[in-house]
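Text of the file upload13.txt, holding compact mmCIF, C-alpha atoms:
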# COMPACT_ATOMS: atom_id res chain seq x y z
CA MET C 22 145.87 -142.66 146.34
CA THR C 23 146.77 -146.33 146.22
CA TRP C 24 145.63 -146.73 142.59
CA LEU C 25 148.57 -144.60 141.52
CA ALA C 26 151.11 -145.52 144.19
CA VAL C 27 150.86 -149.31 144.47
CA PRO C 28 151.36 -150.31 140.80
CA LEU C 29 154.15 -147.74 140.35
CA TYR C 30 155.76 -148.86 143.62
CA ALA C 31 155.64 -152.47 142.47
CA HIS C 32 157.01 -151.51 139.06
CA TRP C 33 159.81 -149.52 140.73
CA GLN C 34 160.71 -152.61 142.77
CA GLY C 35 161.06 -154.63 139.55
CA LEU C 36 157.88 -156.71 139.56
CA SER C 37 156.61 -157.99 136.21
CA ASN C 38 153.24 -157.10 134.69
CA ALA C 39 151.92 -160.53 135.65
CA GLN C 40 153.03 -160.03 139.27
CA ILE C 41 151.44 -156.58 139.37
CA GLY C 42 148.23 -158.09 138.02
CA ALA C 43 148.41 -160.77 140.71
CA LEU C 44 148.82 -158.10 143.39
CA PHE C 45 145.40 -156.75 142.48
CA ALA C 46 143.67 -160.01 141.57
CA LEU C 47 144.68 -162.60 144.19
CA PRO C 48 143.51 -160.65 147.29
CA VAL C 49 140.02 -160.72 145.76
CA PHE C 50 139.80 -164.38 146.82
CA ALA C 51 139.55 -162.92 150.34
CA GLN C 52 137.43 -159.95 149.27
CA ALA C 53 134.54 -162.01 147.91
CA PRO C 54 133.65 -163.87 151.15
CA LEU C 55 134.54 -160.87 153.31
CA ASN C 56 132.25 -158.69 151.21
CA LEU C 57 129.36 -161.05 151.97
CA ILE C 58 130.26 -161.22 155.67
CA GLY C 59 130.48 -157.43 155.83
CA GLY C 60 127.08 -157.01 154.22
CA ALA C 61 125.47 -159.57 156.53
CA TYR C 62 126.92 -158.01 159.66
CA SER C 63 125.91 -154.55 158.48
CA ASP C 64 122.34 -155.80 158.71
CA ARG C 65 123.00 -157.40 162.08
CA ILE C 66 125.11 -154.87 164.03
CA GLY C 67 124.74 -151.71 161.93
CA GLY C 68 126.93 -150.26 159.21
CA ARG C 69 128.69 -147.70 161.42
CA ARG C 70 130.76 -150.27 163.32
CA ILE C 71 131.83 -151.92 160.08
CA MET C 72 132.80 -148.52 158.65
CA LEU C 73 134.96 -147.62 161.68
CA GLY C 74 136.79 -150.94 161.52
CA SER C 75 137.56 -150.32 157.84
CA CYS C 76 139.11 -146.94 158.67
CA CYS C 77 141.42 -148.58 161.23
CA VAL C 78 142.58 -151.11 158.63
CA ILE C 79 143.43 -148.29 156.17
CA VAL C 80 145.69 -146.71 158.80
CA GLY C 81 147.51 -150.00 159.31
CA ALA C 82 147.87 -150.58 155.56
CA GLY C 83 149.45 -147.16 155.01
CA LEU C 84 152.04 -147.82 157.71
CA TRP C 85 152.71 -151.33 156.35
CA PHE C 86 153.39 -150.10 152.80
CA MET C 87 156.03 -147.72 154.16
CA LEU C 88 158.05 -150.83 155.13
CA ALA C 89 156.98 -153.23 152.37
CA GLU C 90 159.63 -154.70 150.06
CA GLY C 91 159.10 -157.47 147.56
CA PHE C 92 156.07 -159.25 146.20
CA TRP C 93 154.79 -160.89 149.37
CA MET C 94 154.97 -157.82 151.59
CA LEU C 95 153.18 -155.82 148.91
CA MET C 96 150.63 -158.61 148.68
CA ALA C 97 149.99 -158.39 152.44
CA GLY C 98 149.40 -154.65 152.15
CA GLN C 99 147.04 -155.15 149.22
CA LEU C 100 145.15 -157.77 151.22
CA ALA C 101 144.61 -155.25 154.03
CA LEU C 102 143.27 -152.69 151.55
CA ILE C 103 140.95 -155.29 150.00
CA VAL C 104 139.63 -156.32 153.42
CA SER C 105 138.89 -152.69 154.26
CA ARG C 106 137.03 -152.06 151.00
CA ALA C 107 135.11 -155.33 151.21
CA ALA C 108 133.59 -154.32 154.53
CA PHE C 109 133.29 -150.59 153.89
CA TRP C 110 131.20 -150.42 150.73
CA PRO C 111 128.20 -152.62 151.65
CA ALA C 112 128.01 -150.85 155.01
CA THR C 113 127.99 -147.31 153.61
CA TRP C 114 125.70 -148.19 150.70
CA ALA C 115 123.17 -149.66 153.14
CA MET C 116 123.44 -146.60 155.40
CA ALA C 117 122.91 -144.24 152.45
CA SER C 118 119.88 -146.18 151.19
CA GLU C 119 118.14 -145.55 154.52
CA LEU C 120 118.69 -141.77 154.58
CA PRO C 121 115.55 -139.62 154.33
CA GLY C 122 114.77 -138.27 150.88
CA VAL C 123 114.82 -139.73 147.38
CA ARG C 124 116.96 -142.87 147.44
CA GLY C 125 118.51 -142.32 144.01
CA LEU C 126 119.55 -138.78 144.88
CA GLN C 127 121.08 -139.83 148.19
CA LEU C 128 123.04 -142.68 146.60
CA GLY C 129 124.11 -140.34 143.80
CA ARG C 130 125.42 -137.83 146.34
CA LEU C 131 127.33 -140.55 148.17
CA ASN C 132 128.89 -141.72 144.91
CA ALA C 133 129.75 -138.12 143.97
CA VAL C 134 131.51 -137.53 147.28
CA THR C 135 133.34 -140.83 146.85
CA ASN C 136 134.57 -139.78 143.43
CA PHE C 137 135.62 -136.37 144.74
CA GLY C 138 137.85 -138.26 147.15
CA GLN C 139 139.25 -140.19 144.20
CA ILE C 140 140.10 -136.91 142.46
CA VAL C 141 141.85 -135.53 145.52
CA GLY C 142 143.63 -138.84 146.11
CA THR C 143 144.97 -139.32 142.59
CA VAL C 144 145.98 -135.68 142.04
CA LEU C 145 147.47 -135.23 145.50
CA GLY C 146 149.09 -138.65 145.32
CA GLY C 147 150.70 -137.87 141.98
CA PHE C 148 152.23 -134.63 143.22
CA VAL C 149 153.37 -136.14 146.53
CA LEU C 150 155.01 -139.01 144.65
CA ALA C 151 156.79 -136.60 142.30
CA ALA C 152 157.93 -134.31 145.13
CA ALA C 153 158.64 -136.61 148.07
CA GLY C 154 158.50 -140.27 146.97
CA PHE C 155 156.63 -143.40 147.97
CA GLN C 156 157.23 -143.27 151.74
CA ALA C 157 155.66 -139.83 152.07
CA MET C 158 152.73 -141.02 149.95
CA PHE C 159 151.96 -143.98 152.21
CA ALA C 160 152.40 -141.86 155.36
CA LEU C 161 149.79 -139.49 153.95
CA LEU C 162 147.49 -142.47 153.29
CA ALA C 163 147.71 -143.48 156.96
CA ALA C 164 146.95 -139.89 158.02
CA VAL C 165 143.87 -139.83 155.80
CA GLY C 166 142.72 -143.04 157.48
CA VAL C 167 142.97 -141.35 160.89
CA VAL C 168 140.92 -138.38 159.68
CA SER C 169 138.32 -140.77 158.24
CA LEU C 170 138.11 -142.60 161.56
CA PHE C 171 137.26 -139.41 163.44
CA ALA C 172 134.73 -138.46 160.76
CA GLY C 173 133.13 -141.88 161.16
CA LEU C 174 132.94 -141.46 164.92
CA ALA C 175 130.85 -138.33 164.35
CA THR C 176 128.34 -140.30 162.25
CA PRO C 177 125.08 -141.06 164.14
CA ALA C 178 124.78 -144.70 165.09
CA ARG C 179 121.80 -146.73 163.89
CA PRO C 180 120.85 -149.95 165.67
CA GLY C 181 121.39 -153.23 163.89
CA ARG C 182 118.60 -155.68 163.19
CA GLY C 183 120.02 -158.76 164.87
CA ALA C 184 116.64 -160.02 165.94
CA GLY C 185 115.18 -159.69 162.47
CA VAL C 186 117.66 -161.74 160.47
CA ALA C 187 118.49 -165.43 160.25
CA HIS C 188 120.43 -166.99 163.14
CA HIS C 189 123.51 -167.44 160.99
CA PRO C 190 124.30 -164.17 159.18
CA LEU C 191 125.16 -165.83 155.86
CA ALA C 192 121.92 -167.83 155.79
CA GLY C 193 120.11 -164.71 154.60
CA TYR C 194 121.83 -164.98 151.22
CA LEU C 195 119.99 -168.13 150.20
CA PRO C 196 116.62 -166.47 149.42
CA LEU C 197 118.41 -163.54 147.75
CA LEU C 198 120.20 -165.87 145.35
CA ARG C 199 116.80 -167.09 144.10
CA LYS C 200 116.00 -163.61 142.79
CA ARG C 201 116.95 -163.23 139.14
CA ILE C 202 117.38 -159.49 139.50
CA ILE C 203 120.18 -159.94 142.07
CA VAL C 204 122.11 -162.20 139.69
CA TYR C 205 121.55 -159.69 136.88
CA THR C 206 122.89 -156.80 138.95
CA MET C 207 126.04 -158.83 139.64
CA LEU C 208 126.80 -158.64 135.91
CA CYS C 209 126.12 -154.90 135.87
CA ALA C 210 128.44 -154.45 138.85
CA TYR C 211 131.07 -156.59 137.12
CA LEU C 212 131.13 -154.34 134.07
CA SER C 213 131.07 -151.12 136.09
CA ALA C 214 134.11 -152.32 138.06
CA LEU C 215 136.18 -153.31 135.02
CA PRO C 216 137.67 -149.82 134.42
CA PHE C 217 137.94 -149.43 138.18
CA SER C 218 140.20 -152.49 138.27
CA LEU C 219 142.32 -151.10 135.44
CA THR C 220 142.66 -147.77 137.25
CA MET C 221 144.04 -149.58 140.27
CA SER C 222 146.57 -151.56 138.25
CA PHE C 223 147.29 -150.84 134.58
CA TYR C 224 146.12 -147.34 133.68
CA PRO C 225 149.11 -145.86 135.58
CA LEU C 226 151.50 -148.20 133.75
CA LEU C 227 150.01 -147.25 130.36
CA LEU C 228 150.45 -143.54 131.12
CA THR C 229 154.03 -144.16 132.24
CA GLN C 230 154.73 -146.11 129.04
CA PHE C 231 153.31 -143.20 127.05
CA GLY C 232 155.80 -140.87 128.75
CA HIS C 233 153.53 -139.06 131.22
CA GLY C 234 155.05 -138.26 134.63
CA GLU C 235 153.54 -138.93 138.05
CA GLY C 236 151.88 -135.52 138.29
CA ALA C 237 150.33 -135.69 134.82
CA SER C 238 149.24 -139.29 135.42
CA GLY C 239 147.52 -138.28 138.64
CA VAL C 240 145.59 -135.53 136.85
CA LEU C 241 144.57 -137.82 133.98
CA LEU C 242 143.46 -140.60 136.31
CA SER C 243 141.45 -138.11 138.36
CA LEU C 244 139.36 -137.26 135.30
CA ARG C 245 137.67 -140.65 135.58
CA ALA C 246 136.38 -139.50 138.95
CA VAL C 247 135.39 -136.10 137.51
CA GLY C 248 133.17 -137.85 134.98
CA SER C 249 131.75 -140.00 137.77
CA ILE C 250 130.87 -136.96 139.89
CA PHE C 251 128.91 -135.30 137.11
CA ALA C 252 127.13 -138.54 136.26
CA SER C 253 126.34 -139.28 139.92
CA LEU C 254 124.79 -135.85 140.49
CA LEU C 255 123.09 -135.35 137.13
CA ALA C 256 121.99 -138.87 136.28
CA ALA C 257 120.63 -139.58 139.78
CA ARG C 258 117.35 -137.87 138.82
CA PHE C 259 116.97 -139.86 135.62
CA VAL C 260 118.28 -143.38 136.28
CA ARG C 261 115.40 -145.83 136.24
CA SER C 262 115.16 -149.51 136.96
CA GLY C 263 113.03 -152.06 135.15
CA PRO C 264 113.17 -154.17 131.98
CA GLN C 265 112.38 -151.28 129.61
CA THR C 266 115.28 -149.00 130.49
CA LEU C 267 118.42 -149.06 128.35
CA TRP C 268 120.59 -147.43 131.02
CA PRO C 269 122.81 -150.47 131.71
CA VAL C 270 123.17 -151.31 128.01
CA ASN C 271 124.18 -147.79 126.97
CA CYS C 272 126.57 -147.51 129.91
CA GLY C 273 128.13 -150.86 129.02
CA LEU C 274 128.72 -149.79 125.42
CA ALA C 275 130.34 -146.57 126.62
CA VAL C 276 132.63 -148.52 128.96
CA ALA C 277 133.70 -150.83 126.12
CA ALA C 278 134.50 -147.90 123.82
CA ALA C 279 136.40 -145.97 126.48
CA VAL C 280 138.54 -148.94 127.56
CA GLY C 281 139.31 -150.17 124.05
CA LEU C 282 140.04 -146.80 122.49
CA VAL C 283 142.06 -145.09 125.25
CA PRO C 284 145.46 -146.26 123.91
CA THR C 285 144.77 -145.44 120.25
CA VAL C 286 146.22 -141.91 120.43
CA ASN C 287 149.07 -141.01 122.78
CA HIS C 288 148.01 -137.49 123.59
CA ALA C 289 146.64 -135.98 126.80
CA VAL C 290 143.42 -134.64 125.21
CA PRO C 291 141.95 -137.91 123.83
CA ILE C 292 143.13 -139.81 126.91
CA ALA C 293 141.40 -137.23 129.12
CA PHE C 294 138.22 -137.54 127.05
CA TRP C 295 138.07 -141.32 127.39
CA MET C 296 138.77 -141.10 131.11
CA LEU C 297 135.80 -138.74 131.47
CA VAL C 298 133.59 -141.07 129.42
CA VAL C 299 134.53 -144.19 131.36
CA GLY C 300 134.02 -142.37 134.65
CA ALA C 301 130.55 -141.16 133.69
CA ALA C 302 129.49 -144.55 132.31
CA THR C 303 130.66 -146.56 135.32
CA ALA C 304 129.05 -144.10 137.77
CA ALA C 305 125.70 -144.35 136.00
CA MET C 306 125.98 -148.14 135.91
CA THR C 307 126.87 -148.26 139.62
CA LEU C 308 123.93 -146.04 140.49
CA TYR C 309 121.65 -148.27 138.40
CA PHE C 310 122.59 -151.47 140.22
CA GLN C 311 122.41 -149.75 143.64
CA ILE C 312 118.88 -148.47 142.95
CA THR C 313 117.75 -151.76 141.42
CA ILE C 314 118.98 -153.82 144.38
CA SER C 315 117.52 -151.37 146.91
CA GLU C 316 114.10 -151.63 145.25
CA ALA C 317 114.31 -155.42 145.08
CA SER C 318 115.17 -155.92 148.77
CA THR C 319 113.67 -155.12 152.16
CA SER C 320 115.38 -152.81 154.63
CA ALA C 321 116.24 -155.78 156.88
CA GLU C 322 118.22 -157.50 154.12
CA ARG C 323 119.53 -154.49 152.19
CA GLY C 324 123.13 -154.72 153.38
CA SER C 325 123.27 -158.36 152.36
CA ALA C 326 121.57 -157.68 149.02
CA LEU C 327 123.98 -154.86 148.15
CA ALA C 328 126.93 -157.01 149.16
CA LEU C 329 125.69 -159.85 146.97
CA GLY C 330 125.14 -157.58 143.98
CA GLY C 331 128.51 -156.00 144.65
CA LEU C 332 130.07 -159.45 144.41
CA GLY C 333 130.32 -158.66 140.70
CA TRP C 334 132.88 -156.02 141.68
CA SER C 335 134.94 -158.66 143.46
CA VAL C 336 134.87 -161.02 140.48
CA SER C 337 135.88 -158.13 138.21
CA HIS C 338 138.75 -157.18 140.51
CA LEU C 339 139.90 -160.81 140.28
CA SER C 340 139.55 -161.48 136.56
CA THR C 341 140.44 -158.10 135.04
CA PRO C 342 144.00 -157.73 136.41
CA LEU C 343 144.78 -161.39 135.71
CA LEU C 344 143.56 -161.20 132.13
CA MET C 345 145.25 -157.86 131.55
CA GLY C 346 148.53 -159.02 133.09
CA PHE C 347 148.52 -162.20 130.98
CA VAL C 348 147.88 -160.34 127.70
CA ALA C 349 150.21 -157.43 128.54
CA ASP C 350 153.16 -159.71 129.28
CA ARG C 351 152.78 -161.50 125.94
CA TYR C 352 151.52 -158.84 123.56
CA GLY C 353 152.00 -155.51 125.34
CA LEU C 354 149.86 -153.09 127.35
CA VAL C 355 148.18 -151.53 124.32
CA ALA C 356 147.00 -154.91 123.05
CA GLY C 357 145.72 -155.67 126.54
CA PHE C 358 143.44 -152.62 126.46
CA TYR C 359 142.11 -153.67 123.05
CA VAL C 360 141.30 -157.14 124.39
CA LEU C 361 139.59 -155.72 127.50
CA GLY C 362 137.54 -153.38 125.29
CA VAL C 363 136.22 -156.31 123.25
CA PHE C 364 135.51 -158.25 126.45
CA ALA C 365 133.56 -155.28 127.88
CA LEU C 366 131.55 -155.11 124.66
CA ALA C 367 130.61 -158.77 125.06
CA CYS C 368 129.45 -158.10 128.64
CA ALA C 369 127.30 -155.20 127.45
CA LEU C 370 125.63 -157.44 124.87
CA VAL C 371 124.87 -160.07 127.53
CA ILE C 372 123.26 -157.36 129.69
CA ALA C 373 121.12 -156.31 126.73
CA ILE C 374 119.97 -159.88 126.08
CA THR C 375 119.18 -160.80 129.70
CA ARG C 376 117.58 -157.60 131.07
CA ARG C 377 113.96 -158.67 130.39
CA TRP C 378 114.59 -162.15 131.79
CA ALA C 379 116.01 -160.62 134.97
CA PHE C 380 112.81 -158.75 135.87
CA GLN C 381 110.50 -161.70 135.33
CA PRO C 382 109.20 -163.37 138.53
CA ALA C 383 111.34 -166.36 139.51

Please rewrite the model in this file as C-alpha cells.
Amino acid sequence: MTWLAVPLYAHWQGLSNAQIGALFALPVFAQAPLNLIGGAYSDRIGGRRIMLGSCCVIVGAGLWFMLAEGFWMLMAGQLALIVSRAAFWPATWAMASELPGVRGLQLGRLNAVTNFGQIVGTVLGGFVLAAAGFQAMFALLAAVGVVSLFAGLATPARPGRGAGVAHHPLAGYLPLLRKRIIVYTMLCAYLSALPFSLTMSFYPLLLTQFGHGEGASGVLLSLRAVGSIFASLLAARFVRSGPQTLWPVNCGLAVAAAVGLVPTVNHAVPIAFWMLVVGAATAAMTLYFQITISEASTSAERGSALALGGLGWSVSHLSTPLLMGFVADRYGLVAGFYVLGVFALACALVIAITRRWAFQPA
C-alpha cells in the first residue's frame, strides 16, 4: 500500500525527485543496524515477539502519515516503516525456516503469501486513492496493521535461544562474516531488492508520467507480485544452492532486462509483461538466498544469518533511490531506468564470476 501512496503523496506535496529518492534511501541508515539487531534478538527471544512489535509500529505509521506534511514529517513516517520492516523480515524468515516439511517449499509459500499481500495492497491502495484520497489510504493502512497484530497473536510462540548465543547479541555476527557464502548472498539480496526499491519509489512516478491513473498504476504494480507468487510456488521445488547452479545468474539477467526495458514502450501490455518478469526473477533470487543461507547456518544462528544476508536489501534500498533520484533529476525518469538496467546487468555479471569462489571453504 505504501509503495503507491508515499511517493505519490510526496509528489502531490511538491517534493522533487531527489527528495522523494531521499525519503526512501536515508531511512536505510537506520534499517541496516536495526535489521542486524532484529535478527540477533530473533535468535535470543524468538521471532514472534519481534513480529508483534513490527505490527504495532505499522499502526502508528499509518496514523502518522494521515497528519504528515512536508519532507521531514514524511521522513519520520518512512523511518517508522523502515524500522518495522527491518525487524519483521528476519524474524518471519527464521520462523518459516524452522517449520516442519521441506524448507524450500515452506519459504516459497511464505514468499507467495507475502506477494499476495502486495497484490491486494497495491490494487486496493490504487482504488482507495482514486476514490477517497490519501487520508483514507493511510487510515486503511493502520487498520491492516491492527488486523496483522491479532493474526500475530494467534501464532504459536517458540522459545528463544538466549542461553545458546553469545552474551552480546551482535557478537554472533563475527563468525558469520568469515563465511564467504554469507557475503555472496548479500550481493544476491542486493540485486533482488533493486526492483523492490524502485517499486517503492519511482515505478509509480514513471506510470504517472506515462499517463496512467492511480487505479491502473495499482494494477500494473501488482503484477510484479503476481509474477513473484508464481515463481515462489513453482520454483520452490527446483531452486538449488551450490556453485554449479545458474539460478542467481539467470535471475540477475532477467532483472536487468526488466528494469532497463520497462520504459521503452508506453503501453500497458509491455509494461505488464516486464512487471511480471521482474517479479518472477526477484522472487526466485530471494528464495535462492534464503535457502542458501539456511543451509549454511545452524538453527541457533539462523535469524542472525538471514539478517546479515538480508543486509544486501538494506544497501539496495539506500543506493537505488539515491542513484535513481540523481539521474532522474538531471536526465529524466526514463534515462534513470536505463542506467539502473545497466547497473543491474553489472551486478549479475559479478554474481556469475564470484559464485564458485563463494562456495569454497574459507

Legend entry - For Ala31 (chain C): contacts at 9 Å, all atoms listed in the file, fewer than 3 positions along chain excluded, given as a list in words: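 In the requested format, the answer is Ala26, Val27, Pro28, Gln34, Gly35, Leu36, Ser37, Gln40, Ile41, Leu44, Glu90, Gly91, Phe92 and Leu95 of chain C.
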
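Using only C-alpha atoms, the shortest contact distance between Leu208 (chain C) and any of C:Ile372, C:Ala256, C:Leu29, C:Ala108 is found at C:Ile372.
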
Legend entry - Between CA of Thr229 (chain C) and CA of Val283 (chain C), distance in Å (one decimal): 13.9 Å

Legend entry - Point-to-point distance in Å for CA of Ala112 (chain C) and CA of Gly146 (chain C): 26.2 Å

Inset, instruction - List the residues sitting within 9 Å of (128.2, -155.0, 153.0) in the file's frame, using only C-alpha atoms, as a PyMOL selection string. - result: chain C and resi 55-64+68+71+107-115+323-329+331

Go ahead and save the residues from that selection, with C-alpha atoms, as an mmCIF file, in the coordinates of the input.
data_model
loop_
_atom_site.group_PDB
_atom_site.id
_atom_site.type_symbol
_atom_site.label_atom_id
_atom_site.label_comp_id
_atom_site.auth_asym_id
_atom_site.auth_seq_id
_atom_site.Cartn_x
_atom_site.Cartn_y
_atom_site.Cartn_z
ATOM 1 C CA LEU C 55 134.540 -160.870 153.310
ATOM 2 C CA ASN C 56 132.250 -158.690 151.210
ATOM 3 C CA LEU C 57 129.360 -161.050 151.970
ATOM 4 C CA ILE C 58 130.260 -161.220 155.670
ATOM 5 C CA GLY C 59 130.480 -157.430 155.830
ATOM 6 C CA GLY C 60 127.080 -157.010 154.220
ATOM 7 C CA ALA C 61 125.470 -159.570 156.530
ATOM 8 C CA TYR C 62 126.920 -158.010 159.660
ATOM 9 C CA SER C 63 125.910 -154.550 158.480
ATOM 10 C CA ASP C 64 122.340 -155.800 158.710
ATOM 11 C CA GLY C 68 126.930 -150.260 159.210
ATOM 12 C CA ILE C 71 131.830 -151.920 160.080
ATOM 13 C CA ALA C 107 135.110 -155.330 151.210
ATOM 14 C CA ALA C 108 133.590 -154.320 154.530
ATOM 15 C CA PHE C 109 133.290 -150.590 153.890
ATOM 16 C CA TRP C 110 131.200 -150.420 150.730
ATOM 17 C CA PRO C 111 128.200 -152.620 151.650
ATOM 18 C CA ALA C 112 128.010 -150.850 155.010
ATOM 19 C CA THR C 113 127.990 -147.310 153.610
ATOM 20 C CA TRP C 114 125.700 -148.190 150.700
ATOM 21 C CA ALA C 115 123.170 -149.660 153.140
ATOM 22 C CA ARG C 323 119.530 -154.490 152.190
ATOM 23 C CA GLY C 324 123.130 -154.720 153.380
ATOM 24 C CA SER C 325 123.270 -158.360 152.360
ATOM 25 C CA ALA C 326 121.570 -157.680 149.020
ATOM 26 C CA LEU C 327 123.980 -154.860 148.150
ATOM 27 C CA ALA C 328 126.930 -157.010 149.160
ATOM 28 C CA LEU C 329 125.690 -159.850 146.970
ATOM 29 C CA GLY C 331 128.510 -156.000 144.650
#

Inset, instruction - Choose the residue, out of C:Gly281, C:Gly129, C:Gly166, C:Gly138, that has the smallest atom-to-atom separation from Leu84 (chain C); count all atoms listed in the file. - result: C:Gly166

Inset, instruction - Could you please determine the separation between CA of Arg351 (chain C) and CA of Ala275 (chain C) in Å, to one decimal place? - result: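 So the two atoms, CA of Arg351 (chain C) and CA of Ala275 (chain C), lie 27.0 Å apart.
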
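Among C:Arg69, C:Leu228, C:Met116, C:Met158, the residue with the shortest atom-to-atom distance to Leu170 (chain C), counting all atoms listed in the file, is C:Arg69.
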
Legend entry - Best match for closeness to Gly333 (chain C) among C:Ile374, C:Val240, C:Val280, C:Ala210, counting only C-alpha atoms: C:Ala210

Legend entry - Close residues, Val134 (chain C) itself excluded, 10 Å, only C-alpha atoms, min 6 positions apart in chain, as a list in words: Leu128, Ile140, Ala246, Ser249, Ile250, Ser253 and Leu254 of chain C

Inset, instruction - Find the spatial neighbours of region 270-272 of chain C, counting all atoms listed in the file, within a cut-off of 9 Å - ignore same-chain residues fewer than 4 positions away - and output them as a ChimeraX atom specification. - result: /C:213,266,276-277,299,301-306,369-373,376

Tell me, as a CSV table (one decimal) with C-alpha atoms, in the frame of the given file, which residues lie within 9 Å of Ser169 (chain C), counting all atoms listed in the file; anything in the same chain fewer than 6 positions away does not count.
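Writing the result to out_11.csv gives the following:
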chain,number,residue,atom,x,y,z
C,73,LEU,CA,135.0,-147.6,161.7
C,76,CYS,CA,139.1,-146.9,158.7
C,77,CYS,CA,141.4,-148.6,161.2

Legend entry - Contacts of Phe231 (chain C) within 10 Å, only C-alpha atoms, excl. fewer than 5 positions in-chain, as a ChimeraX atom specification: /C:225-226,284,286-289

Those residues you just picked out, can you put them in a file as a PDB file, keeping the file's coordinate frame with C-alpha atoms?
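And here is the file that came out, out.pdb:
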ATOM      1  CA  PRO C 225     149.110-145.860 135.580  1.00  0.00           C
ATOM      2  CA  LEU C 226     151.500-148.200 133.750  1.00  0.00           C
ATOM      3  CA  PRO C 284     145.460-146.260 123.910  1.00  0.00           C
ATOM      4  CA  VAL C 286     146.220-141.910 120.430  1.00  0.00           C
ATOM      5  CA  ASN C 287     149.070-141.010 122.780  1.00  0.00           C
ATOM      6  CA  HIS C 288     148.010-137.490 123.590  1.00  0.00           C
ATOM      7  CA  ALA C 289     146.640-135.980 126.800  1.00  0.00           C
TER       8      ALA C 289
END

Inset, instruction - Have a look at C:Ile203, C:Leu308, C:Ala43, C:Val360 and name the one nearest to Phe259 (chain C); count all atoms listed in the file. - result: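 Ranked by minimum distance to Phe259 (chain C), first place goes to C:Leu308.
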